[in-house]
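Shown next: target-v4.json, given as JSON, C-alpha atoms.
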```
[["chain", "number", "residue", "atom", "x", "y", "z"],
["A", 1, "MET", "CA", -192.61, -57.09, -70.90],
["A", 2, "ALA", "CA", -195.58, -54.81, -70.27],
["A", 3, "ILE", "CA", -194.65, -51.27, -69.27],
["A", 4, "HIS", "CA", -196.91, -49.98, -66.51],
["A", 5, "PRO", "CA", -197.20, -46.16, -66.69],
["A", 6, "ARG", "CA", -197.10, -45.63, -62.92],
["A", 7, "GLU", "CA", -193.96, -47.75, -62.52],
["A", 8, "LEU", "CA", -192.29, -46.07, -65.50],
["A", 9, "ARG", "CA", -193.06, -42.67, -64.01],
["A", 10, "LYS", "CA", -191.56, -43.82, -60.70],
["A", 11, "CYS", "CA", -188.39, -44.97, -62.49],
["A", 12, "LEU", "CA", -188.09, -41.77, -64.54],
["A", 13, "GLY", "CA", -188.54, -39.74, -61.34],
["A", 14, "HIS", "CA", -185.09, -40.89, -60.24],
["A", 15, "PHE", "CA", -183.60, -38.48, -62.79],
["A", 16, "THR", "CA", -183.30, -35.18, -60.93],
["A", 17, "THR", "CA", -184.51, -32.17, -62.89],
["A", 18, "GLY", "CA", -184.94, -28.48, -62.43],
["A", 19, "VAL", "CA", -188.44, -27.03, -62.28],
["A", 20, "THR", "CA", -189.76, -24.53, -64.80],
["A", 21, "VAL", "CA", -193.01, -22.76, -65.52],
["A", 22, "ILE", "CA", -193.80, -22.17, -69.19],
["A", 23, "THR", "CA", -195.78, -18.95, -69.65],
["A", 24, "CYS", "CA", -197.52, -17.34, -72.60],
["A", 25, "ARG", "CA", -200.54, -15.21, -73.39],
["A", 26, "GLY", "CA", -203.90, -16.76, -74.17],
["A", 27, "ASP", "CA", -206.48, -15.72, -76.73],
["A", 28, "ASP", "CA", -207.86, -13.39, -74.06],
["A", 29, "GLU", "CA", -204.38, -11.84, -73.67],
["A", 30, "ALA", "CA", -204.29, -13.06, -70.05],
["A", 31, "PRO", "CA", -201.07, -14.81, -68.94],
["A", 32, "HIS", "CA", -201.19, -18.60, -68.65],
["A", 33, "GLY", "CA", -198.62, -21.05, -67.32],
["A", 34, "ALA", "CA", -197.82, -24.71, -66.72],
["A", 35, "THR", "CA", -195.23, -26.31, -64.45],
["A", 36, "VAL", "CA", -192.78, -28.40, -66.48],
["A", 37, "ASN", "CA", -189.71, -30.38, -65.50],
["A", 38, "ALA", "CA", -189.12, -31.76, -69.02],
["A", 39, "PHE", "CA", -186.98, -28.94, -70.40],
["A", 40, "THR", "CA", -183.58, -29.07, -72.08],
["A", 41, "ALA", "CA", -181.14, -27.24, -74.31],
["A", 42, "VAL", "CA", -181.15, -28.50, -77.91],
["A", 43, "SER", "CA", -178.89, -26.31, -80.07],
["A", 44, "LEU", "CA", -176.58, -23.34, -79.74],
["A", 45, "GLU", "CA", -176.72, -22.33, -83.42],
["A", 46, "PRO", "CA", -179.54, -21.61, -83.82],
["A", 47, "PRO", "CA", -180.27, -21.22, -80.09],
["A", 48, "LEU", "CA", -183.04, -23.77, -79.41],
["A", 49, "VAL", "CA", -184.60, -25.24, -76.28],
["A", 50, "LEU", "CA", -187.19, -28.01, -75.89],
["A", 51, "VAL", "CA", -190.16, -28.26, -73.55],
["A", 52, "SER", "CA", -192.50, -31.21, -73.28],
["A", 53, "LEU", "CA", -196.11, -30.23, -72.54],
["A", 54, "ASP", "CA", -198.98, -32.49, -71.57],
["A", 55, "ARG", "CA", -201.57, -32.40, -74.35],
["A", 56, "ARG", "CA", -204.29, -31.76, -71.75],
["A", 57, "SER", "CA", -202.72, -28.53, -70.49],
["A", 58, "LYS", "CA", -204.17, -25.25, -71.71],
["A", 59, "VAL", "CA", -200.69, -23.93, -72.42],
["A", 60, "CYS", "CA", -200.00, -26.82, -74.81],
["A", 61, "GLY", "CA", -202.32, -25.47, -77.47],
["A", 62, "LEU", "CA", -201.18, -21.89, -76.96],
["A", 63, "VAL", "CA", -197.43, -22.17, -77.60],
["A", 64, "ASP", "CA", -197.95, -23.42, -81.17],
["A", 65, "SER", "CA", -198.36, -19.90, -82.43],
["A", 66, "ARG", "CA", -197.18, -17.43, -79.82],
["A", 67, "PRO", "CA", -194.05, -16.50, -77.90],
["A", 68, "PHE", "CA", -193.44, -18.30, -74.63],
["A", 69, "THR", "CA", -191.08, -17.97, -71.70],
["A", 70, "VAL", "CA", -189.33, -20.72, -69.77],
["A", 71, "ASN", "CA", -189.13, -19.50, -66.16],
["A", 72, "VAL", "CA", -186.51, -21.44, -64.17],
["A", 73, "LEU", "CA", -187.76, -21.58, -60.59],
["A", 74, "GLU", "CA", -185.69, -20.61, -57.58],
["A", 75, "ALA", "CA", -185.48, -22.86, -54.51],
["A", 76, "ALA", "CA", -188.08, -20.85, -52.55],
["A", 77, "GLN", "CA", -190.70, -21.09, -55.33],
["A", 78, "LYS", "CA", -192.23, -24.49, -54.54],
["A", 79, "ASP", "CA", -195.67, -22.89, -54.02],
["A", 80, "LEU", "CA", -195.41, -21.26, -57.44],
["A", 81, "ALA", "CA", -194.60, -24.63, -59.01],
["A", 82, "LEU", "CA", -197.66, -26.15, -57.33],
["A", 83, "HIS", "CA", -199.82, -23.19, -58.40],
["A", 84, "PHE", "CA", -199.05, -23.78, -62.07],
["A", 85, "ALA", "CA", -199.33, -27.55, -61.65],
["A", 86, "GLY", "CA", -203.06, -27.17, -61.03],
["A", 87, "ARG", "CA", -203.11, -26.39, -57.31],
["A", 88, "PRO", "CA", -203.80, -22.63, -57.24],
["A", 89, "ASN", "CA", -202.53, -21.37, -53.91],
["A", 90, "GLN", "CA", -201.23, -17.84, -54.27],
["A", 91, "ASP", "CA", -201.32, -14.58, -56.13],
["A", 92, "VAL", "CA", -198.76, -14.66, -58.91],
["A", 93, "ALA", "CA", -196.13, -11.93, -59.15],
["A", 94, "TRP", "CA", -195.61, -11.13, -62.82],
["A", 95, "ALA", "CA", -192.62, -9.19, -64.15],
["A", 96, "ALA", "CA", -192.82, -6.90, -67.17],
["A", 97, "ASP", "CA", -193.29, -8.78, -70.43],
["A", 98, "ASP", "CA", -190.11, -9.66, -72.27],
["A", 99, "ASP", "CA", -189.24, -8.16, -75.63],
["A", 100, "CYS", "CA", -191.11, -10.99, -77.39],
["A", 101, "GLY", "CA", -194.37, -10.05, -75.67],
["A", 102, "SER", "CA", -194.50, -13.15, -73.50],
["A", 103, "PRO", "CA", -195.35, -12.86, -69.79],
["A", 104, "ARG", "CA", -192.70, -13.88, -67.31],
["A", 105, "LEU", "CA", -192.67, -14.58, -63.60],
["A", 106, "ASP", "CA", -191.00, -12.32, -61.05],
["A", 107, "GLY", "CA", -188.25, -13.62, -58.77],
["A", 108, "THR", "CA", -187.13, -16.60, -60.85],
["A", 109, "LEU", "CA", -183.61, -17.96, -61.16],
["A", 110, "ALA", "CA", -183.62, -17.37, -64.94],
["A", 111, "HIS", "CA", -185.98, -16.78, -67.81],
["A", 112, "ILE", "CA", -185.61, -17.81, -71.43],
["A", 113, "SER", "CA", -187.94, -16.13, -73.94],
["A", 114, "CYS", "CA", -188.67, -18.01, -77.15],
["A", 115, "VAL", "CA", -190.64, -17.91, -80.36],
["A", 116, "PRO", "CA", -192.08, -21.19, -81.68],
["A", 117, "TRP", "CA", -189.64, -23.08, -83.93],
["A", 118, "GLN", "CA", -191.20, -26.54, -84.41],
["A", 119, "HIS", "CA", -193.32, -29.07, -82.57],
["A", 120, "TYR", "CA", -193.45, -32.87, -82.61],
["A", 121, "ASP", "CA", -195.81, -35.60, -81.49],
["A", 122, "GLY", "CA", -194.65, -37.00, -78.17],
["A", 123, "GLY", "CA", -197.49, -39.42, -77.35],
["A", 124, "ASP", "CA", -199.52, -37.90, -74.54],
["A", 125, "HIS", "CA", -197.22, -34.85, -74.72],
["A", 126, "VAL", "CA", -196.18, -32.42, -77.45],
["A", 127, "LEU", "CA", -192.49, -31.57, -77.80],
["A", 128, "TYR", "CA", -192.00, -27.88, -78.55],
["A", 129, "LEU", "CA", -188.78, -26.38, -79.80],
["A", 130, "GLY", "CA", -188.43, -22.69, -79.12],
["A", 131, "GLU", "CA", -185.90, -20.35, -80.66],
["A", 132, "VAL", "CA", -184.32, -18.30, -77.86],
["A", 133, "GLN", "CA", -184.79, -14.57, -78.37],
["A", 134, "GLU", "CA", -183.78, -13.27, -74.95],
["A", 135, "PHE", "CA", -182.66, -14.61, -71.59],
["A", 136, "ARG", "CA", -181.68, -13.32, -68.17],
["A", 137, "ILE", "CA", -179.93, -14.99, -65.25],
["A", 138, "TYR", "CA", -180.47, -13.97, -61.61],
["A", 139, "ASP", "CA", -178.81, -14.97, -58.35],
["A", 140, "GLY", "CA", -180.14, -17.88, -56.35],
["A", 141, "ARG", "CA", -180.36, -21.65, -56.15],
["A", 142, "PRO", "CA", -182.60, -23.89, -58.26],
["A", 143, "LEU", "CA", -185.73, -25.71, -57.23],
["A", 144, "LEU", "CA", -185.19, -29.40, -58.00],
["A", 145, "PHE", "CA", -187.57, -32.32, -58.53],
["A", 146, "HIS", "CA", -186.63, -35.91, -57.65],
["A", 147, "THR", "CA", -188.79, -38.96, -56.90],
["A", 148, "GLY", "CA", -191.98, -36.91, -56.87],
["A", 149, "LYS", "CA", -190.70, -34.38, -54.32],
["A", 150, "PHE", "CA", -189.21, -30.90, -54.45],
["A", 151, "HIS", "CA", -185.63, -30.39, -53.28],
["A", 152, "HIS", "CA", -182.98, -27.70, -53.38],
["A", 153, "LEU", "CA", -179.21, -27.58, -53.34],
["A", 154, "GLY", "CA", -177.46, -27.15, -50.02],
["A", 155, "GLY", "CA", -174.48, -24.85, -49.46],
["A", 156, "ASN", "CA", -171.69, -23.91, -51.82],
["A", 157, "HIS", "CA", -170.13, -26.70, -53.85],
["A", 158, "ASP", "CA", -166.67, -27.05, -55.31],
["A", 159, "PRO", "CA", -166.46, -26.92, -59.12],
["A", 160, "LEU", "CA", -166.71, -30.28, -60.82],
["A", 161, "LEU", "CA", -164.07, -31.58, -63.22],
["A", 162, "TRP", "CA", -166.66, -31.27, -66.01],
["A", 163, "ASP", "CA", -166.50, -27.48, -65.71],
["A", 164, "ASP", "CA", -163.02, -27.42, -67.27],
["A", 165, "SER", "CA", -163.61, -30.04, -69.97],
["A", 166, "ALA", "CA", -164.23, -29.29, -73.64],
["A", 167, "ASP", "CA", -167.85, -30.38, -73.09],
["A", 168, "GLY", "CA", -168.38, -28.14, -70.07],
["A", 169, "PRO", "CA", -169.76, -24.60, -70.27],
["A", 170, "GLY", "CA", -166.28, -23.08, -69.96],
["A", 171, "GLY", "CA", -165.07, -25.07, -72.95],
["A", 172, "ILE", "CA", -167.55, -23.52, -75.35],
["A", 173, "SER", "CA", -167.08, -19.87, -76.19],
["A", 174, "TRP", "CA", -170.78, -19.34, -76.96],
["A", 175, "PHE", "CA", -171.69, -20.32, -73.41],
["A", 176, "SER", "CA", -169.19, -17.82, -72.05],
["A", 177, "SER", "CA", -170.44, -15.00, -74.25],
["A", 178, "VAL", "CA", -174.14, -15.41, -73.41],
["A", 179, "GLY", "CA", -173.85, -16.36, -69.77],
["A", 180, "PHE", "CA", -174.79, -20.06, -69.75]]
```

Would you mind giving the structure from this file in structure tokens?
Amino acid sequence: MAIHPRELRKCLGHFTTGVTVITCRGDDEAPHGATVNAFTAVSLEPPLVLVSLDRRSKVCGLVDSRPFTVNVLEAAQKDLALHFAGRPNQDVAWAADDDCGSPRLDGTLAHISCVPWQHYDGGDHVLYLGEVQEFRIYDGRPLLFHTGKFHHLGGNHDPLLWDDSADGPGGISWFSSVGF
């Protein structure tokens, strides 16, 4: 069976993800960023996260050798996601650099600052593992991406059964101690 890229993308789009912007400094020391929805936790010890970056993006070549920040976007930041997806549409509000020296966005739901750990060939993408050096969590609701469109959560939700399981965040003491 031949896999058609457009149809595969459509199928994969049925998996709802959060929206992040990966930021770092360029050779010119100016901040750069790329919108990414392929982001996940990898390991708690050592603390590692993974981002998948399109080889064609400017940021892809930059995070090999410099600190980067994963900025988790808040529900009202759709325009910011579009801005860093190649549709510049606004002035960007930058927060003070993190302790690693990586630029971060202001007003996000969370930020996770990393130093490069390892990278792997991912076809038309490169898979980057970052070792978490610092993170912060802020109040708000996440910006979500599903079937090629942005979405956000509605009102308050009751806790899910998963929250109290051994696999849920409450069942792992490291999550409790660092705020995940």

Residues at most 12 Å from A:Leu73, counting all atoms listed in the file, excluding those fewer than 3 positions away in the same chain, as a ChimeraX atom specification?
/A:17-22,35-37,70,76-82,84,104-112,137-145,150-152

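In this comparison, which uses only C-alpha atoms, the residue of A:Glu74, A:Tyr128, A:Cys60, A:Trp94 approaching A:Ala30 most closely is A:Trp94.
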
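Taking atom CA of A:Pro103 and atom CA of A:Gly33 as the two end points, the separation is 9.2 Å.
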
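Those residues that approach A:Pro31 to within 12 Å, counting all atoms listed in the file, are Val21, Ile22, Thr23, Cys24, Arg25, Gly26, Asp27, Lys58, Val59, Leu62, Val63, Arg66, Pro67, Phe68, Thr69, Phe84, Val92, Ala93, Trp94, Ala95, Ala96, Asp97, Gly101, Ser102, Pro103, Arg104 and Leu105 of chain A; same-chain residues fewer than 4 positions away are not listed.
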
What does the structure give for the distance between atom CA of A:Gly130 and atom CA of A:Gln118, in Å to one decimal?
7.1 Å

Counting only C-alpha atoms, the option among A:Pro47, A:Gly86, A:Gly154, A:Gly122 closest to A:Phe135:
A:Pro47

Atomic separation - atom CA of A:Gly61 relative to atom CA of A:Leu127, Å:
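Separation of atom CA of A:Leu127 and atom CA of A:Gly61: 11.6 Å.
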
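For the residues A:Arg55, A:Arg6, A:His83, A:His32, ranking by smallest atom-to-atom distance to A:Gly148 using only C-alpha atoms places A:Arg6 first.
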